[in-house]
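File shown: target.cif (mmCIF, N, CA and C atoms).
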```
data_query
loop_
_atom_site.label_atom_id
_atom_site.label_comp_id
_atom_site.auth_asym_id
_atom_site.auth_seq_id
_atom_site.Cartn_x
_atom_site.Cartn_y
_atom_site.Cartn_z
N GLN A 237 -31.11 -23.20 -26.46
CA GLN A 237 -32.03 -22.49 -27.36
C GLN A 237 -31.21 -21.80 -28.45
N VAL A 238 -31.63 -22.00 -29.68
CA VAL A 238 -30.92 -21.41 -30.81
C VAL A 238 -31.31 -19.94 -30.95
N GLN A 239 -30.28 -19.11 -31.14
CA GLN A 239 -30.52 -17.69 -31.42
C GLN A 239 -29.55 -17.22 -32.48
N LEU A 240 -30.05 -16.41 -33.40
CA LEU A 240 -29.23 -15.74 -34.41
C LEU A 240 -29.60 -14.26 -34.33
N VAL A 241 -28.62 -13.41 -34.12
CA VAL A 241 -28.88 -11.98 -33.96
C VAL A 241 -28.03 -11.21 -34.95
N GLU A 242 -28.71 -10.60 -35.93
CA GLU A 242 -28.03 -9.82 -36.96
C GLU A 242 -27.90 -8.37 -36.53
N SER A 243 -26.88 -7.72 -37.07
CA SER A 243 -26.69 -6.29 -36.86
C SER A 243 -25.90 -5.73 -38.04
N GLY A 244 -25.87 -4.39 -38.12
CA GLY A 244 -25.04 -3.75 -39.12
C GLY A 244 -25.75 -3.16 -40.31
N GLY A 245 -27.05 -3.35 -40.41
CA GLY A 245 -27.78 -2.78 -41.54
C GLY A 245 -27.92 -1.27 -41.40
N GLY A 246 -28.47 -0.65 -42.46
CA GLY A 246 -28.66 0.78 -42.41
C GLY A 246 -28.90 1.34 -43.79
N LEU A 247 -28.84 2.66 -43.86
CA LEU A 247 -29.02 3.39 -45.11
C LEU A 247 -27.65 3.79 -45.65
N VAL A 248 -27.40 3.49 -46.91
CA VAL A 248 -26.12 3.80 -47.52
C VAL A 248 -26.36 4.26 -48.95
N GLN A 249 -25.48 5.12 -49.42
CA GLN A 249 -25.60 5.60 -50.79
C GLN A 249 -25.06 4.56 -51.78
N PRO A 250 -25.52 4.60 -53.02
CA PRO A 250 -24.96 3.69 -54.02
C PRO A 250 -23.44 3.82 -54.09
N GLY A 251 -22.77 2.69 -54.18
CA GLY A 251 -21.32 2.66 -54.16
C GLY A 251 -20.73 2.53 -52.78
N GLY A 252 -21.56 2.64 -51.76
CA GLY A 252 -21.08 2.55 -50.39
C GLY A 252 -20.89 1.13 -49.91
N SER A 253 -20.53 1.02 -48.61
CA SER A 253 -20.22 -0.27 -48.01
C SER A 253 -20.93 -0.43 -46.68
N LEU A 254 -21.19 -1.67 -46.34
CA LEU A 254 -21.71 -2.03 -45.03
C LEU A 254 -21.13 -3.39 -44.64
N ARG A 255 -21.03 -3.63 -43.35
CA ARG A 255 -20.68 -4.96 -42.86
C ARG A 255 -21.75 -5.44 -41.91
N LEU A 256 -22.35 -6.55 -42.28
CA LEU A 256 -23.34 -7.19 -41.42
C LEU A 256 -22.66 -8.24 -40.55
N ALA A 257 -23.21 -8.42 -39.36
CA ALA A 257 -22.72 -9.45 -38.45
C ALA A 257 -23.89 -10.26 -37.92
N CYS A 258 -23.65 -11.52 -37.64
CA CYS A 258 -24.68 -12.40 -37.07
C CYS A 258 -24.02 -13.24 -35.99
N VAL A 259 -24.47 -13.03 -34.76
CA VAL A 259 -23.97 -13.81 -33.62
C VAL A 259 -24.91 -14.98 -33.38
N VAL A 260 -24.34 -16.16 -33.29
CA VAL A 260 -25.11 -17.39 -33.20
C VAL A 260 -24.89 -18.08 -31.86
N SER A 261 -25.95 -18.56 -31.27
CA SER A 261 -25.83 -19.36 -30.05
C SER A 261 -26.77 -20.54 -30.13
N GLY A 262 -26.51 -21.54 -29.30
CA GLY A 262 -27.38 -22.71 -29.26
C GLY A 262 -27.03 -23.79 -30.25
N THR A 263 -25.87 -23.67 -30.88
CA THR A 263 -25.40 -24.71 -31.78
C THR A 263 -23.88 -24.73 -31.71
N ILE A 264 -23.29 -25.80 -32.22
CA ILE A 264 -21.83 -25.86 -32.27
C ILE A 264 -21.40 -25.11 -33.52
N PHE A 265 -21.13 -23.82 -33.34
CA PHE A 265 -20.95 -22.93 -34.47
C PHE A 265 -19.85 -23.40 -35.41
N SER A 266 -18.75 -23.86 -34.86
CA SER A 266 -17.60 -24.20 -35.70
C SER A 266 -17.89 -25.39 -36.62
N PHE A 267 -18.92 -26.15 -36.33
CA PHE A 267 -19.29 -27.29 -37.16
C PHE A 267 -20.44 -26.96 -38.12
N THR A 268 -20.87 -25.70 -38.15
CA THR A 268 -22.11 -25.33 -38.83
C THR A 268 -21.84 -24.50 -40.07
N ASP A 269 -22.37 -24.95 -41.22
CA ASP A 269 -22.37 -24.11 -42.42
C ASP A 269 -23.35 -22.96 -42.21
N MET A 270 -22.95 -21.76 -42.60
CA MET A 270 -23.78 -20.57 -42.37
C MET A 270 -24.14 -19.89 -43.68
N ASN A 271 -25.31 -19.29 -43.70
CA ASN A 271 -25.82 -18.64 -44.90
C ASN A 271 -26.30 -17.22 -44.61
N TRP A 272 -26.21 -16.38 -45.62
CA TRP A 272 -26.89 -15.09 -45.63
C TRP A 272 -27.92 -15.12 -46.76
N TYR A 273 -29.15 -14.74 -46.42
CA TYR A 273 -30.22 -14.59 -47.38
C TYR A 273 -30.66 -13.13 -47.38
N ARG A 274 -31.42 -12.76 -48.40
CA ARG A 274 -32.05 -11.45 -48.41
C ARG A 274 -33.43 -11.55 -49.06
N GLN A 275 -34.29 -10.63 -48.62
CA GLN A 275 -35.64 -10.58 -49.16
C GLN A 275 -36.05 -9.14 -49.38
N ALA A 276 -36.29 -8.81 -50.64
CA ALA A 276 -36.77 -7.49 -51.01
C ALA A 276 -38.29 -7.50 -50.95
N PRO A 277 -38.92 -6.33 -50.81
CA PRO A 277 -40.38 -6.27 -50.73
C PRO A 277 -41.04 -6.93 -51.94
N GLY A 278 -41.98 -7.81 -51.67
CA GLY A 278 -42.72 -8.47 -52.73
C GLY A 278 -41.97 -9.56 -53.46
N LYS A 279 -40.79 -9.91 -52.96
CA LYS A 279 -39.99 -10.93 -53.62
C LYS A 279 -39.69 -12.08 -52.67
N GLN A 280 -39.23 -13.19 -53.24
CA GLN A 280 -38.90 -14.34 -52.41
C GLN A 280 -37.56 -14.10 -51.71
N ARG A 281 -37.33 -14.89 -50.68
CA ARG A 281 -36.07 -14.83 -49.96
C ARG A 281 -35.02 -15.62 -50.74
N ASP A 282 -33.91 -14.98 -51.07
CA ASP A 282 -32.88 -15.58 -51.90
C ASP A 282 -31.57 -15.74 -51.14
N LEU A 283 -30.85 -16.81 -51.46
CA LEU A 283 -29.53 -17.02 -50.89
C LEU A 283 -28.53 -16.06 -51.51
N VAL A 284 -27.78 -15.39 -50.66
CA VAL A 284 -26.78 -14.42 -51.11
C VAL A 284 -25.39 -15.02 -51.04
N ALA A 285 -25.08 -15.64 -49.91
CA ALA A 285 -23.74 -16.18 -49.71
C ALA A 285 -23.80 -17.29 -48.67
N ARG A 286 -22.86 -18.19 -48.79
CA ARG A 286 -22.75 -19.33 -47.88
C ARG A 286 -21.29 -19.54 -47.53
N ILE A 287 -21.05 -19.97 -46.30
CA ILE A 287 -19.69 -20.34 -45.91
C ILE A 287 -19.76 -21.67 -45.15
N THR A 288 -18.93 -22.60 -45.57
CA THR A 288 -18.94 -23.91 -44.92
C THR A 288 -18.26 -23.83 -43.56
N SER A 289 -18.38 -24.90 -42.80
CA SER A 289 -17.71 -24.95 -41.51
C SER A 289 -16.20 -24.87 -41.68
N GLY A 290 -15.72 -25.30 -42.83
CA GLY A 290 -14.29 -25.23 -43.10
C GLY A 290 -13.83 -23.90 -43.68
N GLY A 291 -14.78 -22.99 -43.92
CA GLY A 291 -14.43 -21.66 -44.38
C GLY A 291 -14.51 -21.44 -45.88
N THR A 292 -15.07 -22.38 -46.63
CA THR A 292 -15.20 -22.22 -48.08
C THR A 292 -16.44 -21.38 -48.39
N PRO A 293 -16.27 -20.27 -49.12
CA PRO A 293 -17.41 -19.42 -49.43
C PRO A 293 -18.00 -19.73 -50.81
N ASN A 294 -19.27 -19.41 -50.95
CA ASN A 294 -19.95 -19.42 -52.23
C ASN A 294 -20.89 -18.23 -52.28
N TYR A 295 -21.10 -17.70 -53.51
CA TYR A 295 -21.88 -16.48 -53.66
C TYR A 295 -22.89 -16.59 -54.79
N ALA A 296 -23.98 -15.86 -54.64
CA ALA A 296 -24.90 -15.68 -55.75
C ALA A 296 -24.20 -14.85 -56.82
N ASP A 297 -24.56 -15.10 -58.07
CA ASP A 297 -23.91 -14.37 -59.17
C ASP A 297 -24.08 -12.86 -59.02
N SER A 298 -25.19 -12.44 -58.48
CA SER A 298 -25.50 -11.02 -58.40
C SER A 298 -24.58 -10.26 -57.44
N VAL A 299 -23.89 -10.98 -56.55
CA VAL A 299 -23.04 -10.30 -55.56
C VAL A 299 -21.56 -10.68 -55.67
N LYS A 300 -21.24 -11.58 -56.57
CA LYS A 300 -19.84 -12.00 -56.73
C LYS A 300 -18.95 -10.80 -57.03
N GLY A 301 -17.83 -10.74 -56.34
CA GLY A 301 -16.89 -9.65 -56.54
C GLY A 301 -17.20 -8.41 -55.73
N ARG A 302 -18.38 -8.37 -55.08
CA ARG A 302 -18.76 -7.21 -54.27
C ARG A 302 -18.95 -7.58 -52.80
N PHE A 303 -19.43 -8.78 -52.54
CA PHE A 303 -19.70 -9.22 -51.16
C PHE A 303 -18.68 -10.27 -50.75
N THR A 304 -18.36 -10.26 -49.46
CA THR A 304 -17.45 -11.26 -48.90
C THR A 304 -18.04 -11.80 -47.60
N ILE A 305 -18.20 -13.11 -47.55
CA ILE A 305 -18.67 -13.75 -46.33
C ILE A 305 -17.47 -14.30 -45.57
N SER A 306 -17.51 -14.19 -44.26
CA SER A 306 -16.42 -14.70 -43.43
C SER A 306 -16.99 -15.13 -42.08
N ARG A 307 -16.17 -15.80 -41.32
CA ARG A 307 -16.63 -16.26 -40.01
C ARG A 307 -15.51 -16.18 -39.00
N ASP A 308 -15.90 -15.99 -37.75
CA ASP A 308 -14.97 -16.00 -36.63
C ASP A 308 -15.51 -17.01 -35.63
N ASN A 309 -14.96 -18.20 -35.63
CA ASN A 309 -15.49 -19.26 -34.77
C ASN A 309 -15.29 -18.96 -33.29
N ALA A 310 -14.27 -18.18 -32.97
CA ALA A 310 -14.04 -17.83 -31.57
C ALA A 310 -15.14 -16.92 -31.04
N LYS A 311 -15.79 -16.19 -31.95
CA LYS A 311 -16.86 -15.25 -31.56
C LYS A 311 -18.25 -15.75 -31.96
N ASN A 312 -18.33 -16.96 -32.51
CA ASN A 312 -19.61 -17.50 -32.98
C ASN A 312 -20.32 -16.52 -33.89
N THR A 313 -19.57 -15.91 -34.79
CA THR A 313 -20.10 -14.82 -35.62
C THR A 313 -19.78 -15.06 -37.09
N VAL A 314 -20.77 -14.78 -37.93
CA VAL A 314 -20.58 -14.78 -39.37
C VAL A 314 -20.81 -13.36 -39.87
N TYR A 315 -20.00 -12.95 -40.83
CA TYR A 315 -20.03 -11.58 -41.34
C TYR A 315 -20.38 -11.58 -42.83
N LEU A 316 -20.92 -10.45 -43.28
CA LEU A 316 -21.11 -10.22 -44.70
C LEU A 316 -20.63 -8.80 -44.99
N GLN A 317 -19.46 -8.72 -45.62
CA GLN A 317 -18.92 -7.43 -46.03
C GLN A 317 -19.47 -7.11 -47.40
N MET A 318 -20.13 -5.97 -47.53
CA MET A 318 -20.80 -5.60 -48.78
C MET A 318 -20.17 -4.32 -49.31
N GLU A 319 -19.63 -4.40 -50.52
CA GLU A 319 -18.97 -3.26 -51.15
C GLU A 319 -19.72 -2.88 -52.42
N ASN A 320 -19.49 -1.64 -52.87
CA ASN A 320 -20.09 -1.17 -54.12
C ASN A 320 -21.59 -1.49 -54.16
N LEU A 321 -22.28 -1.10 -53.12
CA LEU A 321 -23.69 -1.43 -53.01
C LEU A 321 -24.51 -0.72 -54.07
N LYS A 322 -25.56 -1.43 -54.51
CA LYS A 322 -26.44 -0.93 -55.56
C LYS A 322 -27.86 -0.84 -55.02
N PRO A 323 -28.71 -0.01 -55.61
CA PRO A 323 -30.10 0.07 -55.14
C PRO A 323 -30.79 -1.30 -55.13
N GLU A 324 -30.44 -2.16 -56.05
CA GLU A 324 -31.07 -3.49 -56.09
C GLU A 324 -30.61 -4.41 -54.96
N ASP A 325 -29.65 -3.97 -54.17
CA ASP A 325 -29.25 -4.73 -52.98
C ASP A 325 -30.16 -4.42 -51.78
N THR A 326 -31.06 -3.47 -51.95
CA THR A 326 -31.98 -3.11 -50.87
C THR A 326 -32.86 -4.29 -50.51
N ALA A 327 -32.84 -4.66 -49.24
CA ALA A 327 -33.59 -5.84 -48.77
C ALA A 327 -33.40 -5.98 -47.27
N VAL A 328 -34.16 -6.88 -46.69
CA VAL A 328 -33.87 -7.35 -45.33
C VAL A 328 -32.94 -8.54 -45.46
N TYR A 329 -31.85 -8.50 -44.73
CA TYR A 329 -30.84 -9.55 -44.78
C TYR A 329 -30.96 -10.43 -43.53
N TYR A 330 -30.94 -11.75 -43.79
CA TYR A 330 -31.12 -12.72 -42.71
C TYR A 330 -29.95 -13.70 -42.70
N CYS A 331 -29.46 -14.02 -41.53
CA CYS A 331 -28.53 -15.14 -41.45
C CYS A 331 -29.32 -16.40 -41.11
N ASN A 332 -28.72 -17.52 -41.46
CA ASN A 332 -29.47 -18.79 -41.43
C ASN A 332 -28.51 -19.96 -41.31
N PHE A 333 -28.97 -21.01 -40.65
CA PHE A 333 -28.33 -22.31 -40.80
C PHE A 333 -29.42 -23.36 -40.74
N ARG A 334 -29.06 -24.53 -41.22
CA ARG A 334 -29.99 -25.65 -41.25
C ARG A 334 -29.42 -26.80 -40.44
N ARG A 335 -30.25 -27.40 -39.62
CA ARG A 335 -29.83 -28.54 -38.81
C ARG A 335 -30.95 -29.56 -38.82
N ALA A 336 -30.62 -30.76 -39.25
CA ALA A 336 -31.62 -31.84 -39.30
C ALA A 336 -32.86 -31.40 -40.06
N LEU A 337 -32.65 -30.79 -41.21
CA LEU A 337 -33.71 -30.34 -42.12
C LEU A 337 -34.55 -29.20 -41.55
N VAL A 338 -34.14 -28.61 -40.44
CA VAL A 338 -34.84 -27.47 -39.86
C VAL A 338 -34.03 -26.21 -40.10
N ASN A 339 -34.69 -25.16 -40.62
CA ASN A 339 -34.04 -23.88 -40.84
C ASN A 339 -34.18 -22.99 -39.61
N PHE A 340 -33.06 -22.36 -39.23
CA PHE A 340 -33.06 -21.40 -38.14
C PHE A 340 -32.71 -20.03 -38.72
N TRP A 341 -33.47 -19.00 -38.31
CA TRP A 341 -33.32 -17.66 -38.88
C TRP A 341 -33.13 -16.63 -37.80
N GLY A 342 -32.41 -15.58 -38.16
CA GLY A 342 -32.39 -14.40 -37.32
C GLY A 342 -33.59 -13.53 -37.61
N GLN A 343 -33.64 -12.38 -36.93
CA GLN A 343 -34.78 -11.47 -37.09
C GLN A 343 -34.64 -10.59 -38.32
N GLY A 344 -33.44 -10.55 -38.89
CA GLY A 344 -33.19 -9.75 -40.09
C GLY A 344 -32.70 -8.35 -39.76
N THR A 345 -31.97 -7.80 -40.72
CA THR A 345 -31.50 -6.42 -40.61
C THR A 345 -31.71 -5.74 -41.96
N GLN A 346 -32.27 -4.54 -41.92
CA GLN A 346 -32.64 -3.83 -43.14
C GLN A 346 -31.42 -3.14 -43.74
N VAL A 347 -31.23 -3.34 -45.02
CA VAL A 347 -30.22 -2.62 -45.80
C VAL A 347 -30.94 -1.84 -46.88
N THR A 348 -30.73 -0.54 -46.89
CA THR A 348 -31.35 0.33 -47.89
C THR A 348 -30.26 1.10 -48.62
N VAL A 349 -30.23 0.94 -49.94
CA VAL A 349 -29.23 1.61 -50.77
C VAL A 349 -29.96 2.66 -51.60
N SER A 350 -29.72 3.91 -51.28
CA SER A 350 -30.45 4.99 -51.92
C SER A 350 -29.68 6.28 -51.80
N SER A 351 -29.82 7.12 -52.83
CA SER A 351 -29.21 8.44 -52.77
C SER A 351 -30.20 9.46 -52.25
#
```
Could you write out this file's structure as structure tokens?
Amino acid sequence: QVQLVESGGGLVQPGGSLRLACVVSGTIFSFTDMNWYRQAPGKQRDLVARITSGGTPNYADSVKGRFTISRDNAKNTVYLQMENLKPEDTAVYYCNFRRALVNFWGQGTQVTVSS
């Protein structure tokens, strides 16, 4: 059974940092490209960052230079290090992977950037 469990969200002031983690089970993690998405209230769910099974990252323009995606295959975990957070980063963050055209999602973790 596939499971994705996110953690690490919270309330942070503008300019602050958070690290999100997503533990994955039910798939061969080391062979799986992983994604982080986010969804703000009233908006669509957008891709934030992606990391291939080989460790190559890609980022949305809005987070380049501030967010870093990484993975630890020994722990079946993908991370999203978020620096210099802005109010517009406020959203529910979801980790995701796709297998055979099927999307698998975690339950999400809330990130709120506010003074």
List the residues matched by the PyMOL selection byres ((chain A and resi 283) around 8) in the displayed structure as a VMD selection string, ordered by chain and then by residue number. chain A and resid 271 to 275 280 to 282 284 to 286 294 to 297
Need to verify the contact set: Leu321 (chain A), 5 Å, only N, CA and C atoms, exclusion of same-chain residues closer than 2 positions in sequence. Can you return it as number ranges by chain? A: 250-252, 319, 323
Near Gly262 (chain A), within 5 Å and counting all atoms listed in the file, which residues show up once chain neighbours fewer than 6 positions away are dropped, as an NGL selection string? :A and (237-239)
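Every residue within 5 Å of the file position (-28.3, 3.8, -52.5), judged by all atoms listed in the file, is given as Val248, Gln249, Pro250, Pro323, Val349, Ser350 and Ser351 of chain A.
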For the structure shown, which residues end up in the PyMOL selection byres ((chain A and resi 331) around 7)? Put them as a count of residues only, please? 17
note - CA of Ser306 (chain A) and CA of Gly244 (chain A) are separated by 14.6 Å
May I ask which of the residues A:Thr304, A:Thr268, A:Ser253, A:Thr313 is the closest one to Arg334 (chain A), counting only N, CA and C atoms? A:Thr268
